[in-house]
Structure formats: structure tokens, C-alpha cells
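Below is the file work04.cif, which contains mmCIF, N, CA and C atoms and all ligand atoms.
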data_entry
loop_
_atom_site.label_atom_id
_atom_site.label_comp_id
_atom_site.auth_asym_id
_atom_site.auth_seq_id
_atom_site.Cartn_x
_atom_site.Cartn_y
_atom_site.Cartn_z
N MET A 1 87.69 89.39 12.19
CA MET A 1 87.94 90.77 11.73
C MET A 1 89.35 91.21 12.11
N HIS A 2 90.10 91.74 11.11
CA HIS A 2 91.47 92.21 11.35
C HIS A 2 91.63 93.67 10.93
N ARG A 3 92.54 94.34 11.59
CA ARG A 3 92.84 95.73 11.22
C ARG A 3 94.33 95.87 10.96
N LEU A 4 94.64 96.55 9.85
CA LEU A 4 96.04 96.80 9.51
C LEU A 4 96.23 98.32 9.34
N ILE A 5 97.32 98.83 9.87
CA ILE A 5 97.66 100.25 9.68
C ILE A 5 99.09 100.33 9.16
N TYR A 6 99.30 101.15 8.13
CA TYR A 6 100.67 101.38 7.65
C TYR A 6 100.86 102.86 7.35
N LYS A 7 102.13 103.22 7.28
CA LYS A 7 102.50 104.59 6.88
C LYS A 7 103.40 104.49 5.67
N SER A 8 103.31 105.45 4.76
CA SER A 8 104.22 105.47 3.62
C SER A 8 104.49 106.89 3.19
N ARG A 9 105.48 107.02 2.30
CA ARG A 9 105.81 108.35 1.77
C ARG A 9 105.38 108.41 0.31
N SER A 10 104.73 109.49 -0.05
CA SER A 10 104.32 109.66 -1.44
C SER A 10 105.54 109.91 -2.30
N ILE A 11 105.50 109.45 -3.56
CA ILE A 11 106.62 109.76 -4.46
C ILE A 11 106.46 111.17 -5.03
N LEU A 12 105.27 111.74 -4.85
CA LEU A 12 105.02 113.09 -5.36
C LEU A 12 105.64 114.14 -4.45
N VAL A 13 106.02 115.26 -5.04
CA VAL A 13 106.58 116.36 -4.26
C VAL A 13 105.52 116.89 -3.31
N GLU A 14 104.27 116.96 -3.80
CA GLU A 14 103.21 117.50 -2.96
C GLU A 14 101.89 116.79 -3.23
N VAL A 15 101.40 116.08 -2.24
CA VAL A 15 100.10 115.40 -2.37
C VAL A 15 99.00 116.47 -2.33
N ASP A 16 98.01 116.33 -3.22
CA ASP A 16 96.85 117.23 -3.14
C ASP A 16 95.57 116.38 -3.16
N LEU A 17 94.44 117.06 -3.14
CA LEU A 17 93.18 116.31 -3.06
C LEU A 17 92.96 115.44 -4.28
N GLU A 18 93.46 115.91 -5.43
CA GLU A 18 93.31 115.12 -6.66
C GLU A 18 94.05 113.78 -6.54
N THR A 19 95.24 113.83 -5.94
CA THR A 19 96.01 112.59 -5.73
C THR A 19 95.18 111.59 -4.91
N ILE A 20 94.60 112.10 -3.81
CA ILE A 20 93.84 111.22 -2.92
C ILE A 20 92.62 110.65 -3.66
N ASN A 21 91.92 111.52 -4.39
CA ASN A 21 90.74 111.05 -5.13
C ASN A 21 91.10 110.03 -6.20
N ASP A 22 92.22 110.25 -6.89
CA ASP A 22 92.68 109.30 -7.92
C ASP A 22 92.92 107.93 -7.32
N ILE A 23 93.61 107.92 -6.18
CA ILE A 23 93.95 106.64 -5.53
C ILE A 23 92.66 105.94 -5.12
N LEU A 24 91.74 106.71 -4.55
CA LEU A 24 90.56 106.07 -3.97
C LEU A 24 89.51 105.66 -4.99
N GLU A 25 89.56 106.27 -6.18
CA GLU A 25 88.54 105.95 -7.19
C GLU A 25 88.48 104.45 -7.48
N ARG A 26 89.64 103.87 -7.80
CA ARG A 26 89.67 102.43 -8.10
C ARG A 26 89.61 101.61 -6.81
N SER A 27 90.21 102.13 -5.76
CA SER A 27 90.24 101.40 -4.49
C SER A 27 88.84 101.11 -3.97
N LYS A 28 87.94 102.08 -4.18
CA LYS A 28 86.60 101.93 -3.60
C LYS A 28 85.89 100.70 -4.13
N ASP A 29 85.99 100.46 -5.45
CA ASP A 29 85.33 99.28 -6.04
C ASP A 29 85.91 98.00 -5.45
N LEU A 30 87.26 97.99 -5.35
CA LEU A 30 87.91 96.78 -4.82
C LEU A 30 87.58 96.60 -3.35
N ASN A 31 87.58 97.68 -2.59
CA ASN A 31 87.29 97.56 -1.16
C ASN A 31 85.85 97.10 -0.93
N ARG A 32 84.97 97.61 -1.76
CA ARG A 32 83.56 97.18 -1.64
C ARG A 32 83.46 95.68 -1.91
N LYS A 33 84.15 95.26 -2.99
CA LYS A 33 84.13 93.84 -3.38
C LYS A 33 84.64 92.94 -2.25
N PHE A 34 85.68 93.40 -1.56
CA PHE A 34 86.29 92.57 -0.51
C PHE A 34 85.83 92.94 0.90
N ASN A 35 84.83 93.84 0.97
CA ASN A 35 84.28 94.25 2.26
C ASN A 35 85.35 94.84 3.19
N ILE A 36 86.19 95.68 2.59
CA ILE A 36 87.24 96.38 3.34
C ILE A 36 86.75 97.79 3.67
N SER A 37 86.83 98.16 4.94
CA SER A 37 86.52 99.54 5.32
C SER A 37 87.81 100.20 5.79
N GLY A 38 87.78 101.52 5.94
CA GLY A 38 88.97 102.18 6.44
C GLY A 38 89.05 103.64 6.10
N ALA A 39 90.23 104.19 6.38
CA ALA A 39 90.46 105.60 6.12
C ALA A 39 91.89 105.79 5.63
N LEU A 40 92.05 106.76 4.74
CA LEU A 40 93.37 107.12 4.22
C LEU A 40 93.61 108.59 4.57
N ILE A 41 94.58 108.82 5.44
CA ILE A 41 94.93 110.17 5.84
C ILE A 41 96.19 110.57 5.08
N ALA A 42 96.18 111.75 4.50
CA ALA A 42 97.37 112.20 3.77
C ALA A 42 97.81 113.58 4.23
N THR A 43 99.13 113.73 4.37
CA THR A 43 99.70 115.07 4.50
C THR A 43 100.24 115.41 3.11
N ARG A 44 100.98 116.48 2.97
CA ARG A 44 101.56 116.81 1.66
C ARG A 44 102.61 115.79 1.24
N THR A 45 103.14 115.02 2.22
CA THR A 45 104.26 114.12 1.90
C THR A 45 104.01 112.64 2.23
N HIS A 46 103.08 112.36 3.16
CA HIS A 46 102.94 111.00 3.65
C HIS A 46 101.49 110.51 3.68
N PHE A 47 101.36 109.19 3.75
CA PHE A 47 100.04 108.56 3.91
C PHE A 47 100.02 107.73 5.20
N LEU A 48 98.84 107.67 5.82
CA LEU A 48 98.60 106.75 6.93
C LEU A 48 97.25 106.11 6.63
N GLN A 49 97.24 104.78 6.48
CA GLN A 49 96.00 104.13 6.07
C GLN A 49 95.63 103.00 7.02
N THR A 50 94.32 102.89 7.27
CA THR A 50 93.76 101.78 8.03
C THR A 50 92.91 100.93 7.11
N LEU A 51 93.14 99.61 7.17
CA LEU A 51 92.33 98.66 6.39
C LEU A 51 91.69 97.70 7.37
N GLU A 52 90.39 97.49 7.25
CA GLU A 52 89.69 96.56 8.16
C GLU A 52 88.87 95.57 7.35
N GLY A 53 88.92 94.31 7.73
CA GLY A 53 88.15 93.29 7.03
C GLY A 53 88.61 91.91 7.44
N ALA A 54 88.24 90.92 6.64
CA ALA A 54 88.68 89.56 6.92
C ALA A 54 90.19 89.48 6.71
N TRP A 55 90.86 88.65 7.50
CA TRP A 55 92.33 88.55 7.45
C TRP A 55 92.86 88.43 6.03
N LYS A 56 92.32 87.49 5.26
CA LYS A 56 92.91 87.24 3.94
C LYS A 56 92.68 88.42 2.98
N ASP A 57 91.58 89.11 3.15
CA ASP A 57 91.29 90.25 2.27
C ASP A 57 92.15 91.48 2.63
N VAL A 58 92.35 91.69 3.93
CA VAL A 58 93.21 92.79 4.37
C VAL A 58 94.65 92.49 3.90
N ASN A 59 95.07 91.24 4.07
CA ASN A 59 96.41 90.83 3.68
C ASN A 59 96.65 91.04 2.18
N SER A 60 95.71 90.56 1.34
CA SER A 60 95.93 90.68 -0.11
C SER A 60 95.82 92.14 -0.57
N THR A 61 94.93 92.90 0.06
CA THR A 61 94.82 94.33 -0.31
C THR A 61 96.12 95.05 0.03
N PHE A 62 96.67 94.75 1.22
CA PHE A 62 97.92 95.38 1.63
C PHE A 62 99.05 95.05 0.65
N PHE A 63 99.14 93.80 0.22
CA PHE A 63 100.21 93.44 -0.70
C PHE A 63 100.06 94.15 -2.05
N ARG A 64 98.82 94.36 -2.49
CA ARG A 64 98.60 95.16 -3.73
C ARG A 64 99.05 96.60 -3.50
N ILE A 65 98.71 97.13 -2.34
CA ILE A 65 99.06 98.53 -2.04
C ILE A 65 100.58 98.71 -1.97
N VAL A 66 101.24 97.74 -1.32
CA VAL A 66 102.70 97.80 -1.18
C VAL A 66 103.38 97.86 -2.55
N ALA A 67 102.80 97.16 -3.53
CA ALA A 67 103.40 97.10 -4.87
C ALA A 67 103.11 98.35 -5.71
N ASP A 68 102.33 99.27 -5.18
CA ASP A 68 101.94 100.46 -5.95
C ASP A 68 103.09 101.46 -6.00
N PRO A 69 103.53 101.83 -7.22
CA PRO A 69 104.70 102.74 -7.34
C PRO A 69 104.42 104.18 -6.92
N ARG A 70 103.20 104.50 -6.53
CA ARG A 70 102.90 105.88 -6.14
C ARG A 70 103.39 106.22 -4.73
N HIS A 71 103.88 105.21 -4.02
CA HIS A 71 104.45 105.51 -2.70
C HIS A 71 105.60 104.58 -2.38
N GLU A 72 106.35 104.93 -1.32
CA GLU A 72 107.57 104.18 -0.95
C GLU A 72 107.75 104.27 0.57
N GLU A 73 108.83 103.70 1.05
CA GLU A 73 109.14 103.72 2.51
C GLU A 73 107.94 103.25 3.34
N ILE A 74 107.36 102.14 2.93
CA ILE A 74 106.15 101.65 3.61
C ILE A 74 106.54 101.01 4.95
N GLU A 75 105.90 101.48 6.00
CA GLU A 75 106.16 100.97 7.36
C GLU A 75 104.89 100.38 7.92
N LEU A 76 104.93 99.12 8.32
CA LEU A 76 103.77 98.50 8.93
C LEU A 76 103.66 99.01 10.37
N VAL A 77 102.53 99.59 10.71
CA VAL A 77 102.31 100.11 12.06
C VAL A 77 101.70 99.02 12.94
N SER A 78 100.69 98.33 12.43
CA SER A 78 100.09 97.23 13.19
C SER A 78 99.22 96.37 12.29
N PHE A 79 99.06 95.10 12.67
CA PHE A 79 98.17 94.18 11.96
C PHE A 79 97.73 93.13 12.98
N GLY A 80 96.45 93.12 13.31
CA GLY A 80 96.01 92.15 14.31
C GLY A 80 94.50 92.04 14.37
N PRO A 81 94.01 91.07 15.15
CA PRO A 81 92.57 90.87 15.27
C PRO A 81 91.92 91.99 16.09
N VAL A 82 90.73 92.38 15.67
CA VAL A 82 89.96 93.41 16.40
C VAL A 82 88.53 92.92 16.55
N SER A 83 87.84 93.46 17.57
CA SER A 83 86.48 92.97 17.82
C SER A 83 85.45 93.59 16.87
N GLY A 84 85.79 94.73 16.28
CA GLY A 84 84.84 95.36 15.36
C GLY A 84 85.52 96.41 14.52
N ARG A 85 84.75 96.96 13.60
CA ARG A 85 85.32 97.97 12.71
C ARG A 85 85.29 99.35 13.37
N LEU A 86 86.36 100.10 13.15
CA LEU A 86 86.40 101.49 13.59
C LEU A 86 85.67 102.35 12.55
N PHE A 87 85.73 101.92 11.30
CA PHE A 87 85.17 102.70 10.20
C PHE A 87 84.02 101.96 9.52
N GLU A 88 83.11 101.48 10.34
CA GLU A 88 81.93 100.78 9.83
C GLU A 88 81.22 101.67 8.79
N GLY A 89 80.96 101.10 7.63
CA GLY A 89 80.22 101.86 6.62
C GLY A 89 81.09 102.77 5.75
N TRP A 90 82.39 102.83 6.06
CA TRP A 90 83.29 103.65 5.24
C TRP A 90 84.07 102.74 4.31
N VAL A 91 83.72 102.72 3.03
CA VAL A 91 84.40 101.85 2.07
C VAL A 91 85.90 102.20 2.04
N MET A 92 86.20 103.45 2.01
CA MET A 92 87.55 103.99 2.21
C MET A 92 87.40 105.49 2.07
N LYS A 93 87.63 106.17 3.16
CA LYS A 93 87.43 107.61 3.15
C LYS A 93 88.80 108.30 3.18
N GLY A 94 88.98 109.29 2.32
CA GLY A 94 90.26 109.99 2.25
C GLY A 94 90.20 111.33 2.95
N PHE A 95 91.26 111.66 3.65
CA PHE A 95 91.34 112.96 4.32
C PHE A 95 92.69 113.59 4.04
N GLY A 96 92.66 114.78 3.48
CA GLY A 96 93.91 115.52 3.31
C GLY A 96 94.04 116.42 4.52
N ILE A 97 95.05 116.18 5.34
CA ILE A 97 95.15 117.04 6.52
C ILE A 97 96.17 118.15 6.27
N PHE A 98 95.99 118.81 5.11
CA PHE A 98 96.81 119.98 4.78
C PHE A 98 95.93 121.20 4.53
N ASP A 99 94.61 120.98 4.41
CA ASP A 99 93.69 122.09 4.18
C ASP A 99 92.86 122.37 5.43
N LEU A 100 93.45 122.13 6.59
CA LEU A 100 92.70 122.30 7.83
C LEU A 100 92.72 123.76 8.26
N ASN A 101 91.79 124.13 9.14
CA ASN A 101 91.92 125.48 9.70
C ASN A 101 93.15 125.49 10.61
N SER A 102 93.71 126.67 10.78
CA SER A 102 95.03 126.72 11.41
C SER A 102 95.01 126.29 12.88
N ASP A 103 93.87 126.51 13.58
CA ASP A 103 93.79 126.08 14.98
C ASP A 103 93.90 124.56 15.08
N LEU A 104 93.17 123.91 14.19
CA LEU A 104 93.15 122.45 14.17
C LEU A 104 94.53 121.90 13.80
N GLU A 105 95.14 122.50 12.80
CA GLU A 105 96.46 122.04 12.38
C GLU A 105 97.48 122.23 13.51
N THR A 106 97.38 123.36 14.19
CA THR A 106 98.29 123.63 15.31
C THR A 106 98.09 122.58 16.41
N ALA A 107 96.82 122.26 16.69
CA ALA A 107 96.52 121.27 17.74
C ALA A 107 97.09 119.89 17.36
N LEU A 108 96.90 119.49 16.10
CA LEU A 108 97.40 118.18 15.66
C LEU A 108 98.93 118.15 15.66
N LYS A 109 99.56 119.26 15.29
CA LYS A 109 101.03 119.32 15.30
C LYS A 109 101.57 119.23 16.73
N LYS A 110 100.82 119.85 17.65
CA LYS A 110 101.23 119.81 19.05
C LYS A 110 101.13 118.38 19.59
N LYS A 111 100.08 117.69 19.19
CA LYS A 111 99.84 116.34 19.70
C LYS A 111 100.77 115.30 19.05
N PHE A 112 100.95 115.40 17.72
CA PHE A 112 101.66 114.34 17.00
C PHE A 112 103.06 114.72 16.53
N GLY A 113 103.38 116.02 16.58
CA GLY A 113 104.68 116.48 16.11
C GLY A 113 104.61 116.98 14.67
N VAL A 114 105.76 117.45 14.20
CA VAL A 114 105.82 118.05 12.86
C VAL A 114 106.81 117.26 12.01
N GLU A 115 106.45 117.06 10.75
CA GLU A 115 107.31 116.35 9.81
C GLU A 115 107.24 117.08 8.47
N GLU A 116 108.37 117.55 8.03
CA GLU A 116 108.45 118.25 6.74
C GLU A 116 107.36 119.32 6.59
N GLY A 117 107.14 120.06 7.67
CA GLY A 117 106.20 121.19 7.63
C GLY A 117 104.75 120.83 7.90
N GLY A 118 104.42 119.55 7.87
CA GLY A 118 103.04 119.12 8.10
C GLY A 118 102.91 118.35 9.40
N VAL A 119 101.70 117.85 9.67
CA VAL A 119 101.48 117.02 10.86
C VAL A 119 102.29 115.72 10.68
N LYS A 120 103.01 115.32 11.72
CA LYS A 120 103.77 114.06 11.64
C LYS A 120 102.81 112.88 11.77
N LEU A 121 102.78 112.03 10.76
CA LEU A 121 101.91 110.86 10.85
C LEU A 121 102.62 109.81 11.70
N PRO A 122 101.95 109.32 12.75
CA PRO A 122 102.63 108.45 13.72
C PRO A 122 102.87 107.03 13.22
N THR A 123 103.89 106.39 13.79
CA THR A 123 104.15 104.98 13.48
C THR A 123 103.93 104.09 14.71
N GLU A 124 103.51 104.68 15.83
CA GLU A 124 103.12 103.86 16.99
C GLU A 124 101.62 103.60 16.84
N GLU A 125 101.20 102.38 17.16
CA GLU A 125 99.80 102.02 16.94
C GLU A 125 98.83 102.92 17.74
N TRP A 126 99.15 103.16 19.03
CA TRP A 126 98.21 103.93 19.85
C TRP A 126 98.03 105.32 19.29
N ALA A 127 99.13 105.92 18.81
CA ALA A 127 99.05 107.29 18.27
C ALA A 127 98.31 107.30 16.93
N ALA A 128 98.57 106.28 16.11
CA ALA A 128 97.88 106.20 14.81
C ALA A 128 96.37 106.06 15.03
N LEU A 129 95.98 105.23 16.00
CA LEU A 129 94.55 105.05 16.30
C LEU A 129 93.95 106.34 16.86
N SER A 130 94.74 107.02 17.69
CA SER A 130 94.27 108.28 18.26
C SER A 130 94.02 109.30 17.14
N LEU A 131 94.94 109.38 16.18
CA LEU A 131 94.76 110.31 15.06
C LEU A 131 93.54 109.92 14.22
N MET A 132 93.38 108.61 14.01
CA MET A 132 92.21 108.13 13.24
C MET A 132 90.91 108.54 13.95
N HIS A 133 90.89 108.40 15.27
CA HIS A 133 89.70 108.80 16.04
C HIS A 133 89.46 110.31 15.93
N ASP A 134 90.54 111.08 16.03
CA ASP A 134 90.42 112.55 15.94
C ASP A 134 89.83 112.94 14.59
N ILE A 135 90.36 112.35 13.53
CA ILE A 135 89.91 112.70 12.18
C ILE A 135 88.45 112.29 11.99
N LYS A 136 88.11 111.14 12.57
CA LYS A 136 86.73 110.64 12.47
C LYS A 136 85.76 111.61 13.18
N LEU A 137 86.17 112.04 14.35
CA LEU A 137 85.35 112.99 15.14
C LEU A 137 85.12 114.30 14.38
N ILE A 138 86.21 114.82 13.84
CA ILE A 138 86.16 116.10 13.14
C ILE A 138 85.22 116.01 11.93
N ASN A 139 85.12 114.82 11.35
CA ASN A 139 84.36 114.67 10.11
C ASN A 139 82.98 114.05 10.28
N GLN A 140 82.51 114.01 11.52
CA GLN A 140 81.19 113.40 11.71
C GLN A 140 80.08 114.41 11.47
C1 LIG B 201 98.27 105.36 -0.56
C2 LIG B 201 97.53 104.31 -1.33
C3 LIG B 201 96.38 103.75 -0.80
C4 LIG B 201 95.67 102.75 -1.48
N1 LIG B 201 94.55 102.19 -0.92
C5 LIG B 201 93.93 101.17 -1.55
C6 LIG B 201 92.80 100.51 -0.95
O1 LIG B 201 92.33 100.87 0.13
N2 LIG B 201 92.25 99.48 -1.62
C7 LIG B 201 92.71 99.05 -2.83
O2 LIG B 201 92.16 98.12 -3.39
N3 LIG B 201 93.73 99.69 -3.44
C8 LIG B 201 94.36 100.72 -2.82
N4 LIG B 201 95.40 101.36 -3.43
C9 LIG B 201 95.66 101.08 -4.83
C10 LIG B 201 96.40 99.80 -5.05
O3 LIG B 201 97.74 100.06 -4.81
C11 LIG B 201 96.18 99.31 -6.49
O4 LIG B 201 96.46 100.33 -7.40
C12 LIG B 201 94.76 98.88 -6.70
O5 LIG B 201 94.36 98.02 -5.70
C13 LIG B 201 94.59 98.17 -8.05
O6 LIG B 201 95.40 97.07 -8.09
P1 LIG B 201 95.79 96.41 -9.47
O7 LIG B 201 96.38 97.55 -10.28
O8 LIG B 201 96.77 95.36 -9.15
O9 LIG B 201 94.51 95.93 -10.05
C14 LIG B 201 96.12 102.35 -2.76
C15 LIG B 201 97.27 102.93 -3.29
C16 LIG B 201 97.97 103.90 -2.60
C17 LIG B 201 99.21 104.52 -3.20
#
In C-alpha cells, how does this file's structure come out?
Amino acid sequence: MHRLIYKSRSILVEVDLETINDILERSKDLNRKFNISGALIATRTHFLQTLEGAWKDVNSTFFRIVADPRHEEIELVSFGPVSGRLFEGWVMKGFGIFDLNSDLETALKKKFGVEEGGVKLPTEEWAALSLMHDIKLINQ
């Protein structure tokens, strides 16, 4: 089992829920087929995604994603073996962290910083995992 995390910038001026749903609609079938689980976190400007599965499936999915013209400035945060899935049972769940209540948004901005008016999506592995855990907790 391997986990890969990357960050990228959307080519759109402003990401909205429709953008996230559009991306995930086709992704879900492919992720199910390749047994990939994970989460896609979006701010108005950036994406942070976790992909979990067999090495070769995570690798090929990532290369397809990298080639997608809907985003750019792709930064690999981490890719390595893990003992289990963080997102067991989640084919790929999308979270827009721009429609949060203001207390929550303030707390996330305090913890992770601010980028272009939104929560700064981290590029350090520990911080990215911490954000993934926070989002998972909030949505349980
Ligand atoms: C931010 C972002 C996240 C994506 N996540 C996934 C994903 O989890 N799984 C997937 O198969 N495709 C994902 N895609 C879509 C792929 O880039 C691609 O469109 C899709 O896999 C279909 O590939 P194909 O057009 O070569 O058939 C994502 C695209 C973007 C922009």
C-alpha cells in the first residue's frame, strides 16, 4: 500500500463546488476500478490531494492527473509506503474549504497560514497529513 500527496494550482480564477464535482465525477469510476481511495481538498485557488492504493495504480493515476490541463504548478508533497489507508472506504471525497464557518476557517488559517485570501494548503508532508486528518474529523 502506497500513499501519494500533491499540491497544485487551479487554472480557474475561482474554484467552486461545481469544479470539484466535475473533476470527481469521472475520477470516481477510475478510482473504484483501481481501488484508489483518498481525498481532494480545494481552496478557491489550489488543490491538495491524497491518493492511496497499490504502487503501480497510484503512480499511473498520478501521471494522468499531472497531464490534466485543469491545473498547473504541481508539487509532489510525498509518495511512499504506508501500513494502511487513511481514507478507507472513500473512493475520492472532495472538500471545498471555502464555504466553512468563519470560526473553522480562522482556526485553519491560524494553523496552516494564509494564501491568496484562503487557507494555505501545505507542502510539508506532516502538515498535509494533519490537514487531511482535520478535514476527516470535521466531516465524520
Ligand atoms: C485536481 C484534480 C484531481 C483529480 N483526481 C483524480 C483522481 O483521483 N482519479 C482519477 O482517475 N482522475 C483524477 N483526475 C482527473 C484526471 O486528471 C483525468 O481527467 C481522468 O483520470 C481521466 O483520464 P483520461 O482523460 O486520460 O481518461 C483529477 C484531475 C484534477 C484536475
Quiz prompt | Residue nearest Thr50 of chain A - candidates A:Asp22, A:Leu86, A:Ala107, A:Ile11, atoms counted: only C-alpha atoms | solution =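 Of A:Asp22, A:Leu86, A:Ala107, A:Ile11, the one nearest Thr50 of chain A is A:Leu86, counting only C-alpha atoms.
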Quiz item: Do you know which residues are within 6 Å of ligand LIG 201 (chain B) using only N, CA and C atoms and all ligand atoms? Can you write them as a ChimeraX atom specification?
Solution: /A:23,26-28,30-31,47,61,64-68,70-71
Self-check item: Who sits within 6 Å of segment 95-100 of chain A, only C-alpha atoms, same chain under 6 positions skipped, as a PyMOL selection string
Solution: chain A and resi 41-43
Self-check item: DSSP strand (DSSP E) residues within chain A, as a ChimeraX atom specification
Solution: /A:2-10,37-42,46-53,71-81,93-96,114-115,118-119
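Interatomic distance, atom N of Val82 of chain A against atom C of Pro69 of chain A: 28.9 Å.
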Exercise. Mind giving me the straight-line distance from atom N of Phe79 of chain A to atom N of Gly113 of chain A in Å, one decimal?
Key: 21.7 Å
Output as lines of an AutoDock Vina configuration file the centre and edge lengths (Å, one decimal) of the box along x, y and z of the file that holds every listed atom of segment 23-31 of chain A after adding 5 Å on each side.
center_x = 89.6
center_y = 102.3
center_z = -4.5
size_x = 18.6
size_y = 21.3
size_z = 17.2
Exercise. State, in Å with one decimal place, the distance from atom C of Glu75 of chain A to atom C of Lys7 of chain A.
Key: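 Separating atom C of Glu75 of chain A from atom C of Lys7 of chain A is a distance of 4.9 Å.
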Quiz prompt | Residue contacts of Arg44 of chain A (6 Å, all atoms listed in the file) excluding same-chain residues fewer than 5 positions away, as a ChimeraX atom specification | solution = /A:13-15,98
Got time to write the residues from that selection, N, CA and C atoms, as an mmCIF file, keeping the file's coordinate frame?
data_model
loop_
_atom_site.group_PDB
_atom_site.id
_atom_site.type_symbol
_atom_site.label_atom_id
_atom_site.label_comp_id
_atom_site.auth_asym_id
_atom_site.auth_seq_id
_atom_site.Cartn_x
_atom_site.Cartn_y
_atom_site.Cartn_z
ATOM 1 N N VAL A 13 106.020 115.260 -5.040
ATOM 2 C CA VAL A 13 106.580 116.360 -4.260
ATOM 3 C C VAL A 13 105.520 116.890 -3.310
ATOM 4 N N GLU A 14 104.270 116.960 -3.800
ATOM 5 C CA GLU A 14 103.210 117.500 -2.960
ATOM 6 C C GLU A 14 101.890 116.790 -3.230
ATOM 7 N N VAL A 15 101.400 116.080 -2.240
ATOM 8 C CA VAL A 15 100.100 115.400 -2.370
ATOM 9 C C VAL A 15 99.000 116.470 -2.330
ATOM 10 N N PHE A 98 95.990 118.810 5.110
ATOM 11 C CA PHE A 98 96.810 119.980 4.780
ATOM 12 C C PHE A 98 95.930 121.200 4.530
#
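Closest approach to Glu125 of chain A among A:Leu12, A:Ile5, A:Gly84, A:Lys109 is made by A:Ile5 (distances from all atoms listed in the file).
Candidate residues A:Asp16, A:Asp29, A:Glu105, A:Ser83 were compared for distance to Gly117 of chain A, and the nearest is A:Glu105, using only C-alpha atoms.
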Quiz item: So which bits of segment 18-126 of chain A end up alpha helix (DSSP H) when you DSSP the backbone, as a PyMOL selection string?
Solution: chain A and resi 18-34+55-66+102-112+125-126
Could I see segment 25-31 of chain A restored to all heavy atoms, set down as a PDB file, in the frame of the given file?
ATOM      1  N   GLU A  25      89.560 106.270  -6.180  1.00  0.00           N
ATOM      2  CA  GLU A  25      88.540 105.950  -7.190  1.00  0.00           C
ATOM      3  C   GLU A  25      88.480 104.450  -7.480  1.00  0.00           C
ATOM      4  O   GLU A  25      87.429 103.842  -7.393  1.00  0.00           O
ATOM      5  CB  GLU A  25      88.842 106.726  -8.470  1.00  0.00           C
ATOM      6  CG  GLU A  25      87.621 106.860  -9.334  1.00  0.00           C
ATOM      7  CD  GLU A  25      87.803 107.929 -10.401  1.00  0.00           C
ATOM      8  OE1 GLU A  25      88.433 108.963 -10.106  1.00  0.00           O
ATOM      9  OE2 GLU A  25      87.332 107.697 -11.506  1.00  0.00           O
ATOM     10  N   ARG A  26      89.640 103.870  -7.800  1.00  0.00           N
ATOM     11  CA  ARG A  26      89.670 102.430  -8.100  1.00  0.00           C
ATOM     12  C   ARG A  26      89.610 101.610  -6.810  1.00  0.00           C
ATOM     13  O   ARG A  26      88.999 100.545  -6.773  1.00  0.00           O
ATOM     14  CB  ARG A  26      90.928 102.102  -8.913  1.00  0.00           C
ATOM     15  CG  ARG A  26      91.161 100.628  -9.078  1.00  0.00           C
ATOM     16  CD  ARG A  26      91.754 100.256 -10.403  1.00  0.00           C
ATOM     17  NE  ARG A  26      92.172  98.843 -10.419  1.00  0.00           N
ATOM     18  CZ  ARG A  26      91.343  97.823 -10.491  1.00  0.00           C
ATOM     19  NH1 ARG A  26      90.040  98.025 -10.542  1.00  0.00           N
ATOM     20  NH2 ARG A  26      91.800  96.577 -10.500  1.00  0.00           N
ATOM     21  N   SER A  27      90.210 102.130  -5.760  1.00  0.00           N
ATOM     22  CA  SER A  27      90.240 101.400  -4.490  1.00  0.00           C
ATOM     23  C   SER A  27      88.840 101.110  -3.970  1.00  0.00           C
ATOM     24  O   SER A  27      88.587 100.055  -3.403  1.00  0.00           O
ATOM     25  CB  SER A  27      90.974 102.212  -3.434  1.00  0.00           C
ATOM     26  OG  SER A  27      92.245 102.563  -3.877  1.00  0.00           O
ATOM     27  N   LYS A  28      87.940 102.080  -4.180  1.00  0.00           N
ATOM     28  CA  LYS A  28      86.600 101.930  -3.600  1.00  0.00           C
ATOM     29  C   LYS A  28      85.890 100.700  -4.130  1.00  0.00           C
ATOM     30  O   LYS A  28      85.267  99.966  -3.367  1.00  0.00           O
ATOM     31  CB  LYS A  28      85.774 103.190  -3.840  1.00  0.00           C
ATOM     32  CG  LYS A  28      86.066 104.237  -2.786  1.00  0.00           C
ATOM     33  CD  LYS A  28      85.206 105.459  -2.905  1.00  0.00           C
ATOM     34  CE  LYS A  28      85.539 106.399  -1.747  1.00  0.00           C
ATOM     35  NZ  LYS A  28      85.146 107.770  -1.985  1.00  0.00           N
ATOM     36  N   ASP A  29      85.990 100.460  -5.450  1.00  0.00           N
ATOM     37  CA  ASP A  29      85.330  99.280  -6.040  1.00  0.00           C
ATOM     38  C   ASP A  29      85.910  98.000  -5.450  1.00  0.00           C
ATOM     39  O   ASP A  29      85.189  97.070  -5.088  1.00  0.00           O
ATOM     40  CB  ASP A  29      85.548  99.232  -7.557  1.00  0.00           C
ATOM     41  CG  ASP A  29      84.790 100.358  -8.239  1.00  0.00           C
ATOM     42  OD1 ASP A  29      83.849 100.890  -7.613  1.00  0.00           O
ATOM     43  OD2 ASP A  29      85.152 100.703  -9.373  1.00  0.00           O
ATOM     44  N   LEU A  30      87.260  97.990  -5.350  1.00  0.00           N
ATOM     45  CA  LEU A  30      87.910  96.780  -4.820  1.00  0.00           C
ATOM     46  C   LEU A  30      87.580  96.600  -3.350  1.00  0.00           C
ATOM     47  O   LEU A  30      87.311  95.486  -2.895  1.00  0.00           O
ATOM     48  CB  LEU A  30      89.431  96.884  -5.018  1.00  0.00           C
ATOM     49  CG  LEU A  30      89.891  96.741  -6.467  1.00  0.00           C
ATOM     50  CD1 LEU A  30      91.316  97.246  -6.642  1.00  0.00           C
ATOM     51  CD2 LEU A  30      89.789  95.287  -6.916  1.00  0.00           C
ATOM     52  N   ASN A  31      87.580  97.680  -2.590  1.00  0.00           N
ATOM     53  CA  ASN A  31      87.290  97.560  -1.160  1.00  0.00           C
ATOM     54  C   ASN A  31      85.850  97.100  -0.930  1.00  0.00           C
ATOM     55  O   ASN A  31      85.588  96.318  -0.017  1.00  0.00           O
ATOM     56  CB  ASN A  31      87.552  98.889  -0.450  1.00  0.00           C
ATOM     57  CG  ASN A  31      89.034  99.237  -0.406  1.00  0.00           C
ATOM     58  OD1 ASN A  31      89.875  98.382  -0.633  1.00  0.00           O
ATOM     59  ND2 ASN A  31      89.342 100.480  -0.129  1.00  0.00           N
TER      60      ASN A  31
END
